>>> print(open('query.cif').read())   # mmCIF, C-alpha atoms, pLDDT in the B column; chains and numbers go by the auth columns
data_my_file
loop_
_atom_site.group_PDB
_atom_site.id
_atom_site.type_symbol
_atom_site.label_atom_id
_atom_site.label_comp_id
_atom_site.label_asym_id
_atom_site.label_seq_id
_atom_site.Cartn_x
_atom_site.Cartn_y
_atom_site.Cartn_z
_atom_site.B_iso_or_equiv
_atom_site.auth_seq_id
_atom_site.auth_asym_id
ATOM 1 C CA MET A 1 136.253 108.676 -13.528 84.00 101 G
ATOM 2 C CA TYR A 2 135.385 111.926 -11.813 86.00 102 G
ATOM 3 C CA LEU A 3 134.637 112.549 -8.170 89.00 103 G
ATOM 4 C CA ILE A 4 133.834 115.599 -6.061 92.00 104 G
ATOM 5 C CA ILE A 5 136.124 115.704 -3.037 95.00 105 G
ATOM 6 C CA ARG A 6 136.190 118.134 -0.152 96.00 106 G
ATOM 7 C CA ILE A 7 139.437 119.652 1.130 98.00 107 G
ATOM 8 C CA ILE A 8 139.288 121.002 4.697 98.00 108 G
ATOM 9 C CA VAL A 9 141.917 123.635 5.446 98.00 109 G
ATOM 10 C CA HIS A 10 142.565 126.170 8.209 97.00 110 G
ATOM 11 C CA ALA A 11 143.318 129.769 7.393 97.00 111 G
ATOM 12 C CA LYS A 12 142.881 133.371 8.518 97.00 112 G
ATOM 13 C CA ASP A 13 140.699 134.247 5.531 97.00 113 G
ATOM 14 C CA LYS A 14 139.285 132.899 2.278 96.00 114 G
ATOM 15 C CA GLU A 15 142.323 133.919 0.231 96.00 115 G
ATOM 16 C CA GLU A 16 144.706 131.997 2.482 97.00 116 G
ATOM 17 C CA ALA A 17 142.275 129.056 2.568 97.00 117 G
ATOM 18 C CA TRP A 18 142.158 129.055 -1.224 95.00 118 G
ATOM 19 C CA LYS A 19 145.966 128.956 -1.425 97.00 119 G
ATOM 20 C CA ASN A 20 146.125 126.134 1.138 97.00 120 G
ATOM 21 C CA GLY A 21 143.467 124.186 -0.762 97.00 121 G
ATOM 22 C CA GLU A 22 145.266 124.604 -4.074 96.00 122 G
ATOM 23 C CA ASP A 23 148.521 123.460 -2.421 97.00 123 G
ATOM 24 C CA ALA A 24 146.782 120.364 -1.047 97.00 124 G
ATOM 25 C CA LEU A 25 145.222 119.524 -4.422 97.00 125 G
ATOM 26 C CA ASN A 26 148.543 119.971 -6.209 97.00 126 G
ATOM 27 C CA LYS A 27 150.183 117.573 -3.722 97.00 127 G
ATOM 28 C CA LEU A 28 147.462 114.972 -4.342 95.00 128 G
ATOM 29 C CA VAL A 29 148.090 115.211 -8.092 95.00 129 G
ATOM 30 C CA LYS A 30 151.874 115.159 -7.653 96.00 130 G
ATOM 31 C CA ARG A 31 151.594 111.989 -5.529 94.00 131 G
ATOM 32 C CA GLU A 32 149.416 110.559 -8.347 92.00 132 G
ATOM 33 C CA ILE A 33 146.406 110.047 -6.089 91.00 133 G
ATOM 34 C CA PHE A 34 144.405 111.907 -8.724 92.00 134 G
ATOM 35 C CA ASP A 35 145.265 112.648 -12.361 93.00 135 G
ATOM 36 C CA CYS A 36 143.991 116.210 -12.336 94.00 136 G
ATOM 37 C CA TYR A 37 141.475 118.499 -10.696 93.00 137 G
ATOM 38 C CA ARG A 38 139.446 121.599 -11.234 89.00 138 G
ATOM 39 C CA THR A 39 137.886 123.883 -8.700 90.00 139 G
ATOM 40 C CA PHE A 40 134.707 125.921 -8.766 86.00 140 G
ATOM 41 C CA GLU A 41 135.926 129.513 -8.775 80.00 141 G
ATOM 42 C CA ARG A 42 135.307 130.038 -12.480 63.00 142 G
ATOM 43 C CA GLU A 43 132.320 132.017 -13.671 56.00 143 G
ATOM 44 C CA ASP A 44 132.042 129.917 -16.851 53.00 144 G
ATOM 45 C CA ARG A 45 130.853 126.497 -15.780 51.00 145 G
ATOM 46 C CA ASN A 46 129.757 125.092 -19.116 56.00 146 G
ATOM 47 C CA GLY A 47 130.198 121.355 -19.245 56.00 147 G
ATOM 48 C CA TRP A 48 129.675 120.832 -15.506 53.00 148 G
ATOM 49 C CA LYS A 49 127.030 118.269 -14.716 54.00 149 G
ATOM 50 C CA GLY A 50 124.040 118.429 -12.397 54.00 150 G
ATOM 51 C CA ASP A 51 124.538 119.978 -9.004 58.00 151 G
ATOM 52 C CA TRP A 52 128.273 120.356 -9.560 61.00 152 G
ATOM 53 C CA ALA A 53 127.745 123.552 -11.517 64.00 153 G
ATOM 54 C CA HIS A 54 126.189 125.184 -8.472 74.00 154 G
ATOM 55 C CA LEU A 55 128.879 124.368 -5.916 81.00 155 G
ATOM 56 C CA PRO A 56 130.472 127.429 -4.344 86.00 156 G
ATOM 57 C CA PRO A 57 134.255 127.656 -4.650 90.00 157 G
ATOM 58 C CA ILE A 58 134.832 127.789 -0.879 95.00 158 G
ATOM 59 C CA LEU A 59 132.711 127.489 2.257 95.00 159 G
ATOM 60 C CA LEU A 60 133.210 128.087 5.950 97.00 160 G
ATOM 61 C CA ALA A 61 133.217 124.578 7.402 97.00 161 G
ATOM 62 C CA ASP A 62 131.040 125.562 10.351 95.00 162 G
ATOM 63 C CA SER A 63 128.373 127.263 8.220 97.00 163 G
ATOM 64 C CA PRO A 64 125.165 125.265 7.639 96.00 164 G
ATOM 65 C CA GLU A 65 125.997 124.811 3.940 95.00 165 G
ATOM 66 C CA GLY A 66 129.620 123.903 4.711 96.00 166 G
ATOM 67 C CA ARG A 67 128.617 121.386 7.358 96.00 167 G
ATOM 68 C CA ARG A 68 126.047 119.773 5.036 95.00 168 G
ATOM 69 C CA PHE A 69 128.662 119.512 2.292 95.00 169 G
ATOM 70 C CA ILE A 70 131.124 117.855 4.696 97.00 170 G
ATOM 71 C CA ASP A 71 128.437 115.522 6.071 97.00 171 G
ATOM 72 C CA VAL A 72 127.561 114.350 2.560 95.00 172 G
ATOM 73 C CA GLY A 73 131.249 113.692 1.851 95.00 173 G
ATOM 74 C CA TRP A 74 131.546 111.647 5.044 96.00 174 G
ATOM 75 C CA LYS A 75 128.353 109.725 4.137 96.00 175 G
ATOM 76 C CA TYR A 76 129.783 108.839 0.709 93.00 176 G
ATOM 77 C CA THR A 77 133.095 107.793 2.276 92.00 177 G
ATOM 78 C CA VAL A 78 131.352 105.448 4.714 93.00 178 G
ATOM 79 C CA GLU A 79 129.115 104.036 1.958 93.00 179 G
ATOM 80 C CA GLY A 80 132.132 103.355 -0.265 90.00 180 G
ATOM 81 C CA PHE A 81 133.997 101.603 2.535 90.00 181 G
ATOM 82 C CA THR A 82 130.896 99.603 3.474 93.00 182 G
ATOM 83 C CA GLN A 83 130.348 98.399 -0.079 92.00 183 G
ATOM 84 C CA ALA A 84 133.988 97.382 -0.446 92.00 184 G
ATOM 85 C CA PHE A 85 134.019 95.731 2.985 94.00 185 G
ATOM 86 C CA GLU A 86 130.871 93.693 2.283 95.00 186 G
ATOM 87 C CA GLN A 87 132.261 92.490 -1.048 94.00 187 G
ATOM 88 C CA VAL A 88 135.618 91.532 0.471 95.00 188 G
ATOM 89 C CA LYS A 89 133.888 89.790 3.376 96.00 189 G
ATOM 90 C CA LEU A 90 131.816 87.670 0.961 95.00 190 G
ATOM 91 C CA ALA A 91 134.865 86.837 -1.132 95.00 191 G
ATOM 92 C CA VAL A 92 136.903 85.735 1.877 95.00 192 G
ATOM 93 C CA GLN A 93 133.980 83.675 3.157 96.00 193 G
ATOM 94 C CA TYR A 94 133.241 81.820 -0.087 96.00 194 G
ATOM 95 C CA LEU A 95 136.327 81.975 -2.322 96.00 195 G
ATOM 96 C CA SER A 96 139.895 80.769 -2.124 95.00 196 G
ATOM 97 C CA LEU A 97 142.817 83.117 -2.604 94.00 197 G
ATOM 98 C CA ARG A 98 143.411 81.607 -6.042 94.00 198 G
ATOM 99 C CA GLU A 99 139.767 82.199 -7.044 94.00 199 G
ATOM 100 C CA ILE A 100 139.944 85.808 -5.879 93.00 200 G
ATOM 101 C CA MET A 101 143.188 86.412 -7.754 91.00 201 G
ATOM 102 C CA GLU A 102 141.924 84.709 -10.909 92.00 202 G
ATOM 103 C CA ARG A 103 138.429 86.200 -10.575 91.00 203 G
ATOM 104 C CA THR A 104 136.726 82.821 -10.806 94.00 204 G
ATOM 105 C CA PHE A 105 134.017 81.037 -8.872 95.00 205 G
ATOM 106 C CA PRO A 106 134.207 77.451 -7.625 95.00 206 G
ATOM 107 C CA ASP A 107 131.868 75.164 -9.578 94.00 207 G
ATOM 108 C CA ASP A 108 129.839 74.324 -6.484 95.00 208 G
ATOM 109 C CA LEU A 109 129.153 77.925 -5.388 96.00 209 G
ATOM 110 C CA PRO A 110 125.368 78.484 -5.231 95.00 210 G
ATOM 111 C CA GLU A 111 123.927 80.884 -7.790 95.00 211 G
ATOM 112 C CA ASP A 112 122.488 83.239 -5.137 95.00 212 G
ATOM 113 C CA ILE A 113 125.981 83.745 -3.665 94.00 213 G
ATOM 114 C CA ARG A 114 127.493 84.243 -7.144 93.00 214 G
ATOM 115 C CA LYS A 115 124.996 87.067 -7.757 94.00 215 G
ATOM 116 C CA LYS A 116 126.068 88.833 -4.546 94.00 216 G
ATOM 117 C CA ILE A 117 129.792 88.784 -5.326 94.00 217 G
ATOM 118 C CA ASN A 118 131.090 91.210 -7.944 92.00 218 G
ATOM 119 C CA ILE A 119 134.047 89.031 -8.916 90.00 219 G
ATOM 120 C CA LEU A 120 135.258 91.284 -11.739 89.00 220 G
ATOM 121 C CA SER A 121 135.740 94.214 -9.350 89.00 221 G
ATOM 122 C CA MET A 122 137.066 92.195 -6.406 87.00 222 G
ATOM 123 C CA GLN A 123 140.645 93.425 -6.601 85.00 223 G
ATOM 124 C CA VAL A 124 139.335 96.996 -6.762 88.00 224 G
ATOM 125 C CA TYR A 125 137.398 96.423 -3.536 90.00 225 G
ATOM 126 C CA PHE A 126 140.511 95.124 -1.804 88.00 226 G
ATOM 127 C CA ASP A 127 142.377 98.208 -3.020 86.00 227 G
ATOM 128 C CA GLU A 128 139.647 100.548 -1.792 86.00 228 G
ATOM 129 C CA LEU A 129 139.936 99.145 1.718 86.00 229 G
ATOM 130 C CA GLY A 130 143.731 99.228 1.721 80.00 230 G
ATOM 131 C CA LEU A 131 144.533 102.490 -0.007 75.00 231 G
ATOM 132 C CA ASN A 132 144.810 105.584 2.132 69.00 232 G
ATOM 133 C CA SER A 133 143.847 108.023 -0.628 71.00 233 G
ATOM 134 C CA GLY A 134 141.749 108.186 -3.741 73.00 234 G
ATOM 135 C CA TYR A 135 138.313 106.682 -4.257 76.00 235 G
ATOM 136 C CA PRO A 136 136.220 106.175 -2.083 78.00 236 G
ATOM 137 C CA LYS A 137 137.739 108.917 0.085 89.00 237 G
ATOM 138 C CA TYR A 138 135.669 112.091 -0.350 92.00 238 G
ATOM 139 C CA LEU A 139 137.144 114.153 2.502 95.00 239 G
ATOM 140 C CA TYR A 140 140.695 115.418 3.002 96.00 240 G
ATOM 141 C CA HIS A 141 142.330 117.473 5.721 97.00 241 G
ATOM 142 C CA ASP A 142 144.852 119.399 3.677 96.00 242 G
ATOM 143 C CA ASP A 143 146.300 116.613 1.485 94.00 243 G
ATOM 144 C CA GLU A 144 145.568 113.679 3.837 94.00 244 G
ATOM 145 C CA PRO A 145 142.400 111.579 3.591 93.00 245 G
ATOM 146 C CA ILE A 146 139.972 111.585 6.480 95.00 246 G
ATOM 147 C CA LEU A 147 139.369 107.949 7.366 91.00 247 G
ATOM 148 C CA SER A 148 137.621 108.116 10.741 93.00 248 G
ATOM 149 C CA ASN A 149 135.270 110.245 12.822 94.00 249 G
ATOM 150 C CA THR A 150 138.226 111.149 15.040 96.00 250 G
ATOM 151 C CA GLU A 151 140.162 112.479 12.046 95.00 251 G
ATOM 152 C CA LEU A 152 137.112 114.418 10.874 97.00 252 G
ATOM 153 C CA GLU A 153 136.654 115.988 14.314 96.00 253 G
ATOM 154 C CA PHE A 154 140.357 116.902 14.386 96.00 254 G
ATOM 155 C CA ALA A 155 140.104 118.503 10.937 96.00 255 G
ATOM 156 C CA LEU A 156 137.127 120.583 12.066 96.00 256 G
ATOM 157 C CA ASP A 157 138.575 121.559 15.463 94.00 257 G
ATOM 158 C CA PRO A 158 139.173 125.277 15.695 87.00 258 G
ATOM 159 C CA LYS A 159 142.824 126.299 15.514 92.00 259 G
ATOM 160 C CA GLU A 160 143.880 129.465 17.296 94.00 260 G
ATOM 161 C CA GLY A 161 143.138 132.491 15.113 94.00 261 G
ATOM 162 C CA LEU A 162 142.128 130.344 12.126 97.00 262 G
ATOM 163 C CA ASN A 163 138.848 129.307 10.560 96.00 263 G
ATOM 164 C CA ALA A 164 138.137 125.921 8.971 97.00 264 G
ATOM 165 C CA TYR A 165 137.131 126.125 5.320 98.00 265 G
ATOM 166 C CA VAL A 166 136.027 123.451 2.877 98.00 266 G
ATOM 167 C CA ILE A 167 136.979 123.616 -0.794 97.00 267 G
ATOM 168 C CA PRO A 168 135.194 121.373 -3.298 95.00 268 G
ATOM 169 C CA ALA A 169 137.198 119.987 -6.193 94.00 269 G
ATOM 170 C CA ASP A 170 136.279 117.867 -9.185 91.00 270 G
ATOM 171 C CA VAL A 171 139.055 115.261 -9.450 92.00 271 G
ATOM 172 C CA HIS A 172 139.824 112.589 -12.005 91.00 272 G
ATOM 173 C CA TYR A 173 141.174 109.245 -10.839 85.00 273 G
#
>>> encode(input="query.cif", output="structure tokens")
Amino acid sequence: MYLIIRIIVHAKDKEEAWKNGEDALNKLVKREIFDCYRTFEREDRNGWKGDWAHLPPILLADSPEGRRFIDVGWKYTVEGFTQAFEQVKLAVQYLSLREIMERTFPDDLPEDIRKKINILSMQVYFDELGLNSGYPKYLYHDDEPILSNTELEFALDPKEGLNAYVIPADVHY
């Protein structure tokens, strides 16, 4: 599957930011967090879907467009965690460890509860809560995922003589 992530880097200028972003993306691929990536600097964007084709290759993080792009990434991160958390919470409340591992329901589980629990994806939800990188993490500070508001604020904090930039990337996981 494909996902648009945002890499926040600090640099003196766009060229240095671009290099730092590419380094971070290469590290994420090398660590096998993502299979591959592509960035948005190309003029030819045939085959890109929807709004992705219109993403700029790099943005100042403190610009209105950059901030909106980061805010959307944080919103998606929180939504992904919330969905996984709610599913895991239901599973722990109503299922045994064996049922979770075997992806089965107990015979006496009410139908309305069965409909709320996505049993086939349960192990994925546990992974999403436990993994530090990959889906549903949409924001990275260099090559590290941003998992809290504190980490996001740190990533956006001005560094002496450097600007914060955000680089969108289309990744496959």
>>> closest_atom_pairs(input="query.cif", of="segment 144-235 of chain G", to="segment 115-136 of chain G", cutoff="12 Å", atoms="only C-alpha atoms", output="tab-separated table")
residue	atom	partner	partner_atom	distance
G:Pro157	CA	G:Trp118	CA	8.7
G:Ile158	CA	G:Trp118	CA	7.4
G:Leu159	CA	G:Ala117	CA	9.7
G:Leu160	CA	G:Ala117	CA	9.7
G:Ala161	CA	G:Ala117	CA	11.2
G:Leu231	CA	G:Ile133	CA	9.9
G:Asn232	CA	G:Ile133	CA	9.5
G:Ser233	CA	G:Ile133	CA	6.4
G:Gly234	CA	G:Ile133	CA	5.5
G:Tyr235	CA	G:Ile133	CA	9.0
>>> axis_aligned_box(input="query.cif", around="segment 235-238 of chain G", padding_each_side="5 Å", output="JSON")
{"center_x": 137.0, "center_y": 109.1, "center_z": -2.1, "size_x": 12.6, "size_y": 15.9, "size_z": 14.3}
>>> resolve_selection(input="query.cif", expression="the PyMOL selection byres ((chain G and resi 218-225) around 9)", output="ChimeraX atom specification")
/G:181,183-185,187-188,191,200-201,203-205,214-217,226-230
>>> resolve_selection(input="query.cif", expression="the PyMOL selection byres ((chain G and resi 170) around 12)", output="MDAnalysis selection string")
chainID G and resid 104:108 158:169 171:177 238:241 246 249 252:253 255:256 264:268
>>> atom_distance(input="query.cif", atom1="atom CA of Leu103 of chain G", atom2="atom CA of Val271 of chain G")
5.3 Å
>>> closest_residue(input="query.cif", among="G:Asp207, G:Glu202, G:Glu141, G:Asp212", to="Leu190 of chain G", atoms="all atoms listed in the file")
G:Asp212
>>> atom_distance(input="query.cif", atom1="atom CA of Asn263 of chain G", atom2="atom CA of Lys112 of chain G")
6.1 Å
>>> atom_distance(input="query.cif", atom1="atom CA of Asp242 of chain G", atom2="atom CA of Ala269 of chain G")
12.5 Å
>>> build_atoms(input="query.cif", residues="segment 111-131 of chain G", atoms="N, CA and C atoms", output="short mmCIF file (atom, residue, chain, number, x, y, z; two decimals), keeping the file's coordinate frame")
data_model
loop_
_atom_site.label_atom_id
_atom_site.label_comp_id
_atom_site.auth_asym_id
_atom_site.auth_seq_id
_atom_site.Cartn_x
_atom_site.Cartn_y
_atom_site.Cartn_z
N ALA G 111 142.70 128.54 7.89
CA ALA G 111 143.32 129.77 7.39
C ALA G 111 142.69 130.97 8.09
N LYS G 112 143.38 132.12 7.94
CA LYS G 112 142.88 133.37 8.52
C LYS G 112 141.71 133.92 7.72
N ASP G 113 141.74 133.70 6.40
CA ASP G 113 140.70 134.25 5.53
C ASP G 113 140.54 133.35 4.31
N LYS G 114 139.57 133.72 3.46
CA LYS G 114 139.28 132.90 2.28
C LYS G 114 140.47 132.83 1.31
N GLU G 115 141.19 133.91 1.16
CA GLU G 115 142.32 133.92 0.23
C GLU G 115 143.40 132.93 0.68
N GLU G 116 143.72 132.94 1.97
CA GLU G 116 144.71 132.00 2.48
C GLU G 116 144.17 130.56 2.40
N ALA G 117 142.88 130.38 2.67
CA ALA G 117 142.28 129.06 2.57
C ALA G 117 142.36 128.55 1.13
N TRP G 118 142.10 129.44 0.19
CA TRP G 118 142.16 129.06 -1.22
C TRP G 118 143.57 128.58 -1.58
N LYS G 119 144.57 129.34 -1.16
CA LYS G 119 145.97 128.96 -1.42
C LYS G 119 146.29 127.60 -0.79
N ASN G 120 145.88 127.41 0.46
CA ASN G 120 146.12 126.13 1.14
C ASN G 120 145.43 124.97 0.43
N GLY G 121 144.20 125.21 -0.03
CA GLY G 121 143.47 124.19 -0.76
C GLY G 121 144.13 123.83 -2.09
N GLU G 122 144.56 124.85 -2.81
CA GLU G 122 145.27 124.60 -4.07
C GLU G 122 146.57 123.83 -3.82
N ASP G 123 147.29 124.18 -2.77
CA ASP G 123 148.52 123.46 -2.42
C ASP G 123 148.21 121.99 -2.14
N ALA G 124 147.16 121.74 -1.37
CA ALA G 124 146.78 120.36 -1.05
C ALA G 124 146.41 119.59 -2.31
N LEU G 125 145.62 120.19 -3.18
CA LEU G 125 145.22 119.52 -4.42
C LEU G 125 146.43 119.24 -5.31
N ASN G 126 147.34 120.20 -5.41
CA ASN G 126 148.54 119.97 -6.21
C ASN G 126 149.38 118.81 -5.65
N LYS G 127 149.45 118.70 -4.34
CA LYS G 127 150.18 117.57 -3.72
C LYS G 127 149.51 116.24 -4.05
N LEU G 128 148.18 116.21 -4.01
CA LEU G 128 147.46 114.97 -4.34
C LEU G 128 147.71 114.55 -5.79
N VAL G 129 147.79 115.52 -6.69
CA VAL G 129 148.09 115.21 -8.09
C VAL G 129 149.56 114.80 -8.23
N LYS G 130 150.44 115.50 -7.57
CA LYS G 130 151.87 115.16 -7.65
C LYS G 130 152.14 113.74 -7.14
N ARG G 131 151.43 113.34 -6.08
CA ARG G 131 151.59 111.99 -5.53
C ARG G 131 150.82 110.95 -6.35
#
